[in-house]
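Asks: Pasting structure.tsv here (TSV, C-alpha atoms):
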```
chain	number	residue	atom	x	y	z
A	1	MET	CA	83.65	15.56	38.45
A	2	LEU	CA	80.33	17.40	38.43
A	3	ILE	CA	78.36	18.18	41.58
A	4	LEU	CA	74.78	19.14	40.79
A	5	PRO	CA	72.53	20.64	43.50
A	6	VAL	CA	69.09	19.08	43.97
A	7	PRO	CA	66.79	21.81	45.31
A	8	THR	CA	63.38	20.81	46.66
A	9	PRO	CA	60.58	22.33	48.71
A	10	ILE	CA	60.96	21.96	52.48
A	11	VAL	CA	60.86	18.22	53.19
A	12	ARG	CA	58.03	17.15	55.48
A	13	SER	CA	56.86	13.90	57.01
A	14	GLY	CA	55.44	11.55	54.39
A	15	ASP	CA	57.15	13.17	51.42
A	16	ASP	CA	58.44	10.87	48.67
A	17	LEU	CA	62.09	11.88	48.46
A	18	VAL	CA	62.69	9.96	45.25
A	19	SER	CA	59.92	11.87	43.46
A	20	LEU	CA	61.17	15.18	44.84
A	21	PHE	CA	64.71	14.50	43.66
A	22	ALA	CA	63.64	13.18	40.25
A	23	ALA	CA	61.53	16.30	39.68
A	24	SER	CA	64.63	18.45	40.23
A	25	VAL	CA	67.41	16.57	38.42
A	26	ALA	CA	67.43	13.71	35.91
A	27	LEU	CA	69.81	11.08	37.24
A	28	GLU	CA	72.01	8.98	34.96
A	29	ASP	CA	73.56	5.53	35.26
A	30	GLY	CA	76.61	5.68	37.49
A	31	ASP	CA	75.61	8.83	39.36
A	32	ILE	CA	76.09	8.97	43.12
A	33	LEU	CA	73.33	10.74	45.03
A	34	ALA	CA	74.32	12.38	48.32
A	35	VAL	CA	71.29	12.83	50.58
A	36	SER	CA	71.06	14.80	53.82
A	37	SER	CA	70.35	12.40	56.67
A	38	LYS	CA	68.19	15.11	58.30
A	39	ALA	CA	66.03	15.47	55.18
A	40	ALA	CA	65.62	11.70	55.02
A	41	ALA	CA	64.68	11.59	58.70
A	42	ALA	CA	62.14	14.38	58.19
A	43	ALA	CA	60.50	12.53	55.28
A	44	GLU	CA	60.31	9.39	57.41
A	45	GLY	CA	58.61	11.23	60.26
A	46	ALA	CA	61.55	10.95	62.66
A	47	VAL	CA	61.18	14.52	63.97
A	48	ILE	CA	61.16	14.60	67.79
A	49	ASP	CA	58.52	16.74	69.51
A	50	LEU	CA	60.41	18.09	72.53
A	51	ALA	CA	57.15	18.96	74.32
A	52	THR	CA	56.51	15.24	74.75
A	53	LEU	CA	59.73	14.71	76.73
A	54	THR	CA	60.22	15.10	80.47
A	55	ALA	CA	63.74	16.16	81.36
A	56	SER	CA	65.46	13.88	83.85
A	57	ALA	CA	67.88	15.08	86.53
A	58	GLU	CA	70.73	14.00	84.25
A	59	ALA	CA	69.36	16.08	81.37
A	60	LYS	CA	69.00	19.13	83.64
A	61	ALA	CA	72.56	18.69	84.89
A	62	TRP	CA	73.87	18.64	81.30
A	63	ASP	CA	71.80	21.72	80.52
A	64	ASP	CA	73.27	23.58	83.49
A	65	ARG	CA	76.89	23.04	82.54
A	66	LEU	CA	76.87	23.43	78.76
A	67	GLN	CA	77.51	26.84	77.19
A	68	ARG	CA	75.02	26.61	74.31
A	69	PRO	CA	72.47	26.53	72.79
A	70	HIS	CA	69.99	28.37	74.99
A	71	ARG	CA	68.50	26.55	77.96
A	72	ASN	CA	66.68	23.48	76.72
A	73	PRO	CA	66.51	20.54	79.15
A	74	ALA	CA	64.10	18.67	76.86
A	75	PHE	CA	66.67	18.78	74.06
A	76	ARG	CA	69.27	17.36	76.45
A	77	GLN	CA	66.84	14.55	77.26
A	78	ALA	CA	66.36	13.85	73.55
A	79	ILE	CA	70.15	13.54	73.21
A	80	LEU	CA	70.30	11.13	76.15
A	81	ASN	CA	67.55	9.03	74.57
A	82	GLU	CA	69.22	9.01	71.16
A	83	THR	CA	72.61	8.14	72.63
A	84	HIS	CA	71.02	5.15	74.36
A	85	ARG	CA	69.22	4.08	71.15
A	86	LEU	CA	72.51	4.16	69.26
A	87	ASN	CA	74.35	2.06	71.88
A	88	GLY	CA	76.51	5.00	72.85
A	89	GLU	CA	77.97	6.93	75.74
A	90	LEU	CA	78.55	10.62	76.38
A	91	LYS	CA	82.09	11.98	76.67
A	92	GLU	CA	83.06	14.49	79.33
A	93	GLY	CA	85.04	17.66	78.72
A	94	CYS	CA	83.24	19.22	75.74
A	95	PRO	CA	81.80	22.59	76.86
A	96	MET	CA	79.80	23.32	73.69
A	97	ALA	CA	77.79	20.14	73.11
A	98	MET	CA	76.99	16.68	74.40
A	99	LEU	CA	79.63	14.71	72.52
A	100	ALA	CA	78.34	11.18	71.99
A	101	GLU	CA	80.36	8.13	70.96
A	102	VAL	CA	77.85	5.78	69.37
A	103	ARG	CA	77.96	2.31	67.85
A	104	PRO	CA	74.73	1.93	65.87
A	105	ASP	CA	73.37	-1.54	65.21
A	106	GLY	CA	75.06	-2.89	62.10
A	107	LEU	CA	78.18	-0.70	62.24
A	108	PRO	CA	80.85	-3.31	61.40
A	109	GLU	CA	83.83	-1.61	63.01
A	110	GLY	CA	84.61	1.39	65.18
A	111	THR	CA	82.34	4.07	66.57
A	112	ILE	CA	81.03	7.47	65.48
A	113	LEU	CA	81.78	10.62	67.47
A	114	SER	CA	78.87	13.00	67.01
A	115	ALA	CA	77.89	16.25	68.68
A	116	ASN	CA	74.51	15.83	70.38
A	117	ALA	CA	74.21	12.24	69.10
A	118	GLY	CA	73.44	13.62	65.65
A	119	LEU	CA	70.46	15.73	66.80
A	120	ASP	CA	69.90	19.31	65.63
A	121	LEU	CA	67.53	22.14	66.49
A	122	SER	CA	68.14	23.81	63.13
A	123	ASN	CA	66.22	23.08	59.92
A	124	THR	CA	63.30	21.64	61.86
A	125	PRO	CA	60.15	23.33	63.17
A	126	GLU	CA	60.29	25.27	66.45
A	127	GLY	CA	60.00	22.99	69.45
A	128	THR	CA	61.35	19.93	67.64
A	129	ALA	CA	64.67	18.21	67.06
A	130	ILE	CA	65.84	16.17	64.10
A	131	GLY	CA	68.52	13.50	63.85
A	132	TRP	CA	69.33	10.52	61.67
A	133	PRO	CA	66.77	8.15	60.13
A	134	VAL	CA	65.85	5.25	62.38
A	135	ASP	CA	67.66	2.84	60.01
A	136	PRO	CA	70.10	4.79	57.82
A	137	VAL	CA	71.26	1.67	55.98
A	138	ALA	CA	67.71	0.82	54.90
A	139	THR	CA	67.09	4.45	53.93
A	140	ALA	CA	70.05	4.62	51.53
A	141	ARG	CA	69.24	1.21	50.07
A	142	SER	CA	65.57	2.06	49.51
A	143	ILE	CA	66.43	5.27	47.63
A	144	ARG	CA	68.88	3.42	45.37
A	145	ILE	CA	66.41	0.61	44.64
A	146	ALA	CA	63.56	3.05	44.00
A	147	PHE	CA	65.56	4.89	41.34
A	148	ALA	CA	66.38	1.56	39.67
A	149	GLU	CA	62.79	0.33	39.71
A	150	ARG	CA	61.02	3.57	38.84
A	151	PHE	CA	63.49	5.28	36.52
A	152	GLY	CA	65.72	2.47	35.29
A	153	VAL	CA	68.98	4.03	36.48
A	154	GLN	CA	71.72	2.33	38.46
A	155	ILE	CA	73.14	4.76	41.02
A	156	GLY	CA	74.96	4.88	44.31
A	157	VAL	CA	73.56	6.63	47.38
A	158	LEU	CA	75.18	8.05	50.50
A	159	LEU	CA	73.62	9.66	53.55
A	160	THR	CA	75.48	12.71	54.81
A	161	ASP	CA	75.71	14.55	58.11
A	162	SER	CA	77.67	17.66	59.00
A	163	CYS	CA	80.55	17.32	61.44
A	164	CYS	CA	83.42	19.15	63.12
A	165	ARG	CA	87.08	18.09	63.14
A	166	PRO	CA	89.74	18.45	65.85
A	167	ARG	CA	91.55	21.81	65.70
A	168	ARG	CA	89.75	22.93	62.52
A	169	ARG	CA	87.20	25.74	62.36
A	170	GLY	CA	83.89	25.17	60.58
A	171	VAL	CA	81.89	22.15	59.55
A	172	THR	CA	82.47	19.62	56.81
A	173	ALA	CA	80.47	16.43	56.31
A	174	ILE	CA	80.74	12.68	56.71
A	175	ALA	CA	78.95	9.77	55.08
A	176	LEU	CA	76.95	7.73	57.57
A	177	THR	CA	75.86	4.95	55.23
A	178	VAL	CA	76.43	4.01	51.61
A	179	SER	CA	74.50	1.91	49.11
A	180	GLY	CA	75.92	0.89	45.75
A	181	PHE	CA	79.65	1.66	45.98
A	182	ALA	CA	82.61	0.98	48.26
A	183	PRO	CA	83.03	3.70	50.92
A	184	LEU	CA	86.79	3.15	51.35
A	185	MET	CA	89.66	2.60	48.91
A	186	SER	CA	92.89	1.09	50.17
A	187	GLU	CA	96.18	2.46	48.86
A	188	ILE	CA	98.24	0.00	50.93
A	189	GLY	CA	100.96	-1.61	48.82
A	190	LYS	CA	100.68	0.91	45.99
A	191	PRO	CA	103.85	2.89	45.16
A	192	ASP	CA	104.20	6.54	46.09
A	193	LEU	CA	105.88	9.09	43.79
A	194	PHE	CA	109.30	7.60	44.59
A	195	GLY	CA	108.33	3.94	44.33
A	196	ARG	CA	107.99	3.24	48.04
A	197	PRO	CA	104.95	1.08	48.91
A	198	MET	CA	102.23	2.83	50.89
A	199	GLN	CA	101.91	1.43	54.41
A	200	MET	CA	98.67	2.75	55.92
A	201	THR	CA	96.69	5.02	53.62
A	202	GLU	CA	93.02	4.39	52.93
A	203	GLU	CA	91.05	6.95	50.96
A	204	ALA	CA	87.84	7.91	52.75
A	205	VAL	CA	85.92	7.99	49.48
A	206	ALA	CA	82.43	8.32	50.94
A	207	ASP	CA	83.44	11.05	53.40
A	208	GLN	CA	85.25	12.97	50.65
A	209	LEU	CA	82.15	12.83	48.46
A	210	ALA	CA	79.94	13.87	51.38
A	211	THR	CA	82.00	17.00	51.97
A	212	ALA	CA	82.12	17.79	48.24
A	213	ALA	CA	78.33	17.50	48.09
A	214	ASN	CA	77.92	19.60	51.21
A	215	ALA	CA	79.66	22.47	49.42
A	216	VAL	CA	76.54	22.88	47.26
A	217	MET	CA	73.93	21.57	49.73
A	218	GLY	CA	74.78	23.94	52.59
A	219	ASN	CA	73.56	23.82	56.18
A	220	ALA	CA	71.24	26.85	56.40
A	221	ALA	CA	68.13	27.87	54.40
A	222	GLN	CA	69.31	26.69	50.97
A	223	SER	CA	66.67	23.91	50.78
A	224	ILE	CA	69.09	21.71	48.83
A	225	PRO	CA	68.83	18.37	50.65
A	226	ALA	CA	70.75	16.37	48.05
A	227	ALA	CA	73.40	16.58	45.35
A	228	VAL	CA	74.21	14.45	42.33
A	229	ILE	CA	77.88	13.52	41.91
A	230	ARG	CA	78.69	12.65	38.29
A	231	ASP	CA	81.79	11.71	36.27
A	232	HIS	CA	83.54	10.60	39.44
A	233	GLY	CA	85.25	7.47	38.13
A	234	ILE	CA	84.07	5.34	41.07
A	235	ALA	CA	82.77	1.86	40.27
A	236	LEU	CA	79.35	0.86	41.52
A	237	THR	CA	79.33	-2.26	43.72
A	238	PRO	CA	76.78	-4.25	45.76
A	239	PHE	CA	77.95	-2.61	49.03
A	240	ASP	CA	75.18	-1.68	51.47
A	241	GLY	CA	75.94	-0.52	54.99
A	242	TRP	CA	77.46	1.85	57.49
A	243	VAL	CA	80.79	3.39	56.58
A	244	PRO	CA	83.28	1.46	58.74
A	245	GLY	CA	85.25	3.35	61.36
A	246	ILE	CA	88.16	2.47	63.60
A	247	GLU	CA	88.16	1.31	67.19
A	248	PRO	CA	88.89	4.05	69.75
A	249	GLU	CA	92.18	2.48	70.80
A	250	GLU	CA	93.42	2.73	67.20
A	251	ASP	CA	92.48	6.38	66.77
A	252	LEU	CA	95.37	8.63	65.70
A	253	PHE	CA	94.12	11.34	68.09
A	254	LYS	CA	93.59	9.07	71.11
A	255	GLY	CA	95.25	10.61	74.13
A	256	ALA	CA	96.55	13.61	72.19
A	257	LEU	CA	93.72	16.08	72.86
```
Have the structure of the file written as structure tokens, please.

Replies:
Amino acid sequence: MLILPVPTPIVRSGDDLVSLFAASVALEDGDILAVSSKAAAAAEGAVIDLATLTASAEAKAWDDRLQRPHRNPAFRQAILNETHRLNGELKEGCPMAMLAEVRPDGLPEGTILSANAGLDLSNTPEGTAIGWPVDPVATARSIRIAFAERFGVQIGVLLTDSCCRPRRRGVTAIALTVSGFAPLMSEIGKPDLFGRPMQMTEEAVADQLATAANAVMGNAAQSIPAAVIRDHGIALTPFDGWVPGIEPEEDLFKGAL
């Protein structure tokens, strides 16, 4: 499998991501294009100007009790607003961030646990915050269709976001939405090395690809908002949508932390 970085200039509101990507790397039939959700949001003009927000008492209370980043009640208000937009709720007990459990419109199953409801203060101009595109499913689909119509290539697309995992240091990445291939692959019923049928295993294909792509995209000043994944052996399909999750009551870690 090849993972090819797609460097671009800093992405700004109104930029044509497809043209930027095509100018950097020539895509081929069957490629999967991993795209930073923050870069897509920036191109779509979804940057939040924190100066336009008035911090509520709830936002100020969150700001008082969290350990970092520096004091920023307006950012806390942006997180409250985004959590509400994504049909979510905030979880108590996380001292480092406002941990949001969200269920975006169209998510077929489960929820997404995300620090600060997916919002970041990094890789966005001073005084602003950046999160996910307003409609991440439509964003992934539009990129895939644009490459087919303008360049004649059939590809898959996934939108990535960085994430943390329980008891593990450092960030990896997840796939928020996918267009053009199945995000999960069931191994249930297949034999293991000793012939016993697998009982529960599903391969998180889209998440695995998101983390592989993140290894070349980075999270700092690399200015590599996408990566091409090639020779992966994954079939393209008509799938368009959020990557399904699991319901909280079915979570392996429920009640253990």

Asks: What does the structure give for the distance between atom CA of A:Arg65 and atom CA of A:Asp120, in Å to one decimal?

Replies: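 About the pair atom CA of A:Arg65 and atom CA of A:Asp120: they are 18.7 Å apart.
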
Asks: Which polymer residues have any atom within 10 Å of an atom of A:Pro136, counting all atoms listed in the file, with same-chain residues fewer than 4 positions away left out, as a list in words?

Replies: Ser37, Ala40, Ala41, Pro104, Trp132, Ala140, Arg141, Ser142, Leu158, Leu159, Leu176, Thr177, Val178, Gly241 and Trp242 of chain A

Asks: Could you pull the residues within 8 Å of stretch 163-166 of chain A, counting all atoms listed in the file, minus those fewer than 5 positions along the same chain, as a list in words?

Replies: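 Here the qualifying residues turn out to be Ser114, Ala115, Val171, Thr172, Ala173 and Ile174 of chain A.
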
Asks: Go ahead and compute the interatomic distance for atom CA of A:Glu89 and atom CA of A:Gly127, in Å to one decimal.

Replies: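 According to the coordinates, atom CA of A:Glu89 and atom CA of A:Gly127 are separated by 24.9 Å.
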
Asks: Identify the residues within 7 Å of coordinate (72.3, 22.2, 48.8) (same frame as the file), considering all atoms listed in the file, and give the answer as a PDB file with C-alpha atoms, in the frame of the given file.

Replies:
```
ATOM      1  CA  PRO A   5      72.530  20.640  43.500  1.00  0.00           C
ATOM      2  CA  VAL A   6      69.090  19.080  43.970  1.00  0.00           C
ATOM      3  CA  PRO A   7      66.790  21.810  45.310  1.00  0.00           C
ATOM      4  CA  ASN A 214      77.920  19.600  51.210  1.00  0.00           C
ATOM      5  CA  VAL A 216      76.540  22.880  47.260  1.00  0.00           C
ATOM      6  CA  MET A 217      73.930  21.570  49.730  1.00  0.00           C
ATOM      7  CA  GLY A 218      74.780  23.940  52.590  1.00  0.00           C
ATOM      8  CA  GLN A 222      69.310  26.690  50.970  1.00  0.00           C
ATOM      9  CA  SER A 223      66.670  23.910  50.780  1.00  0.00           C
ATOM     10  CA  ILE A 224      69.090  21.710  48.830  1.00  0.00           C
ATOM     11  CA  PRO A 225      68.830  18.370  50.650  1.00  0.00           C
ATOM     12  CA  ALA A 226      70.750  16.370  48.050  1.00  0.00           C
ATOM     13  CA  ALA A 227      73.400  16.580  45.350  1.00  0.00           C
TER      14      ALA A 227
END
```

Asks: Can you pull out the residues contacting A:Ile155? Cut-off 9 Å, using all atoms listed in the file, and skip same-chain residues under 4 positions away; I want them as a list of chain:residue names.

Replies: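 Residues meeting the cut-off are A:Leu27, A:Glu28, A:Asp29, A:Gly30, A:Asp31, A:Ile32, A:Leu33, A:Arg144, A:Ile145, A:Phe147, A:Ala148, A:Ser179, A:Gly180, A:Phe181, A:Leu236.
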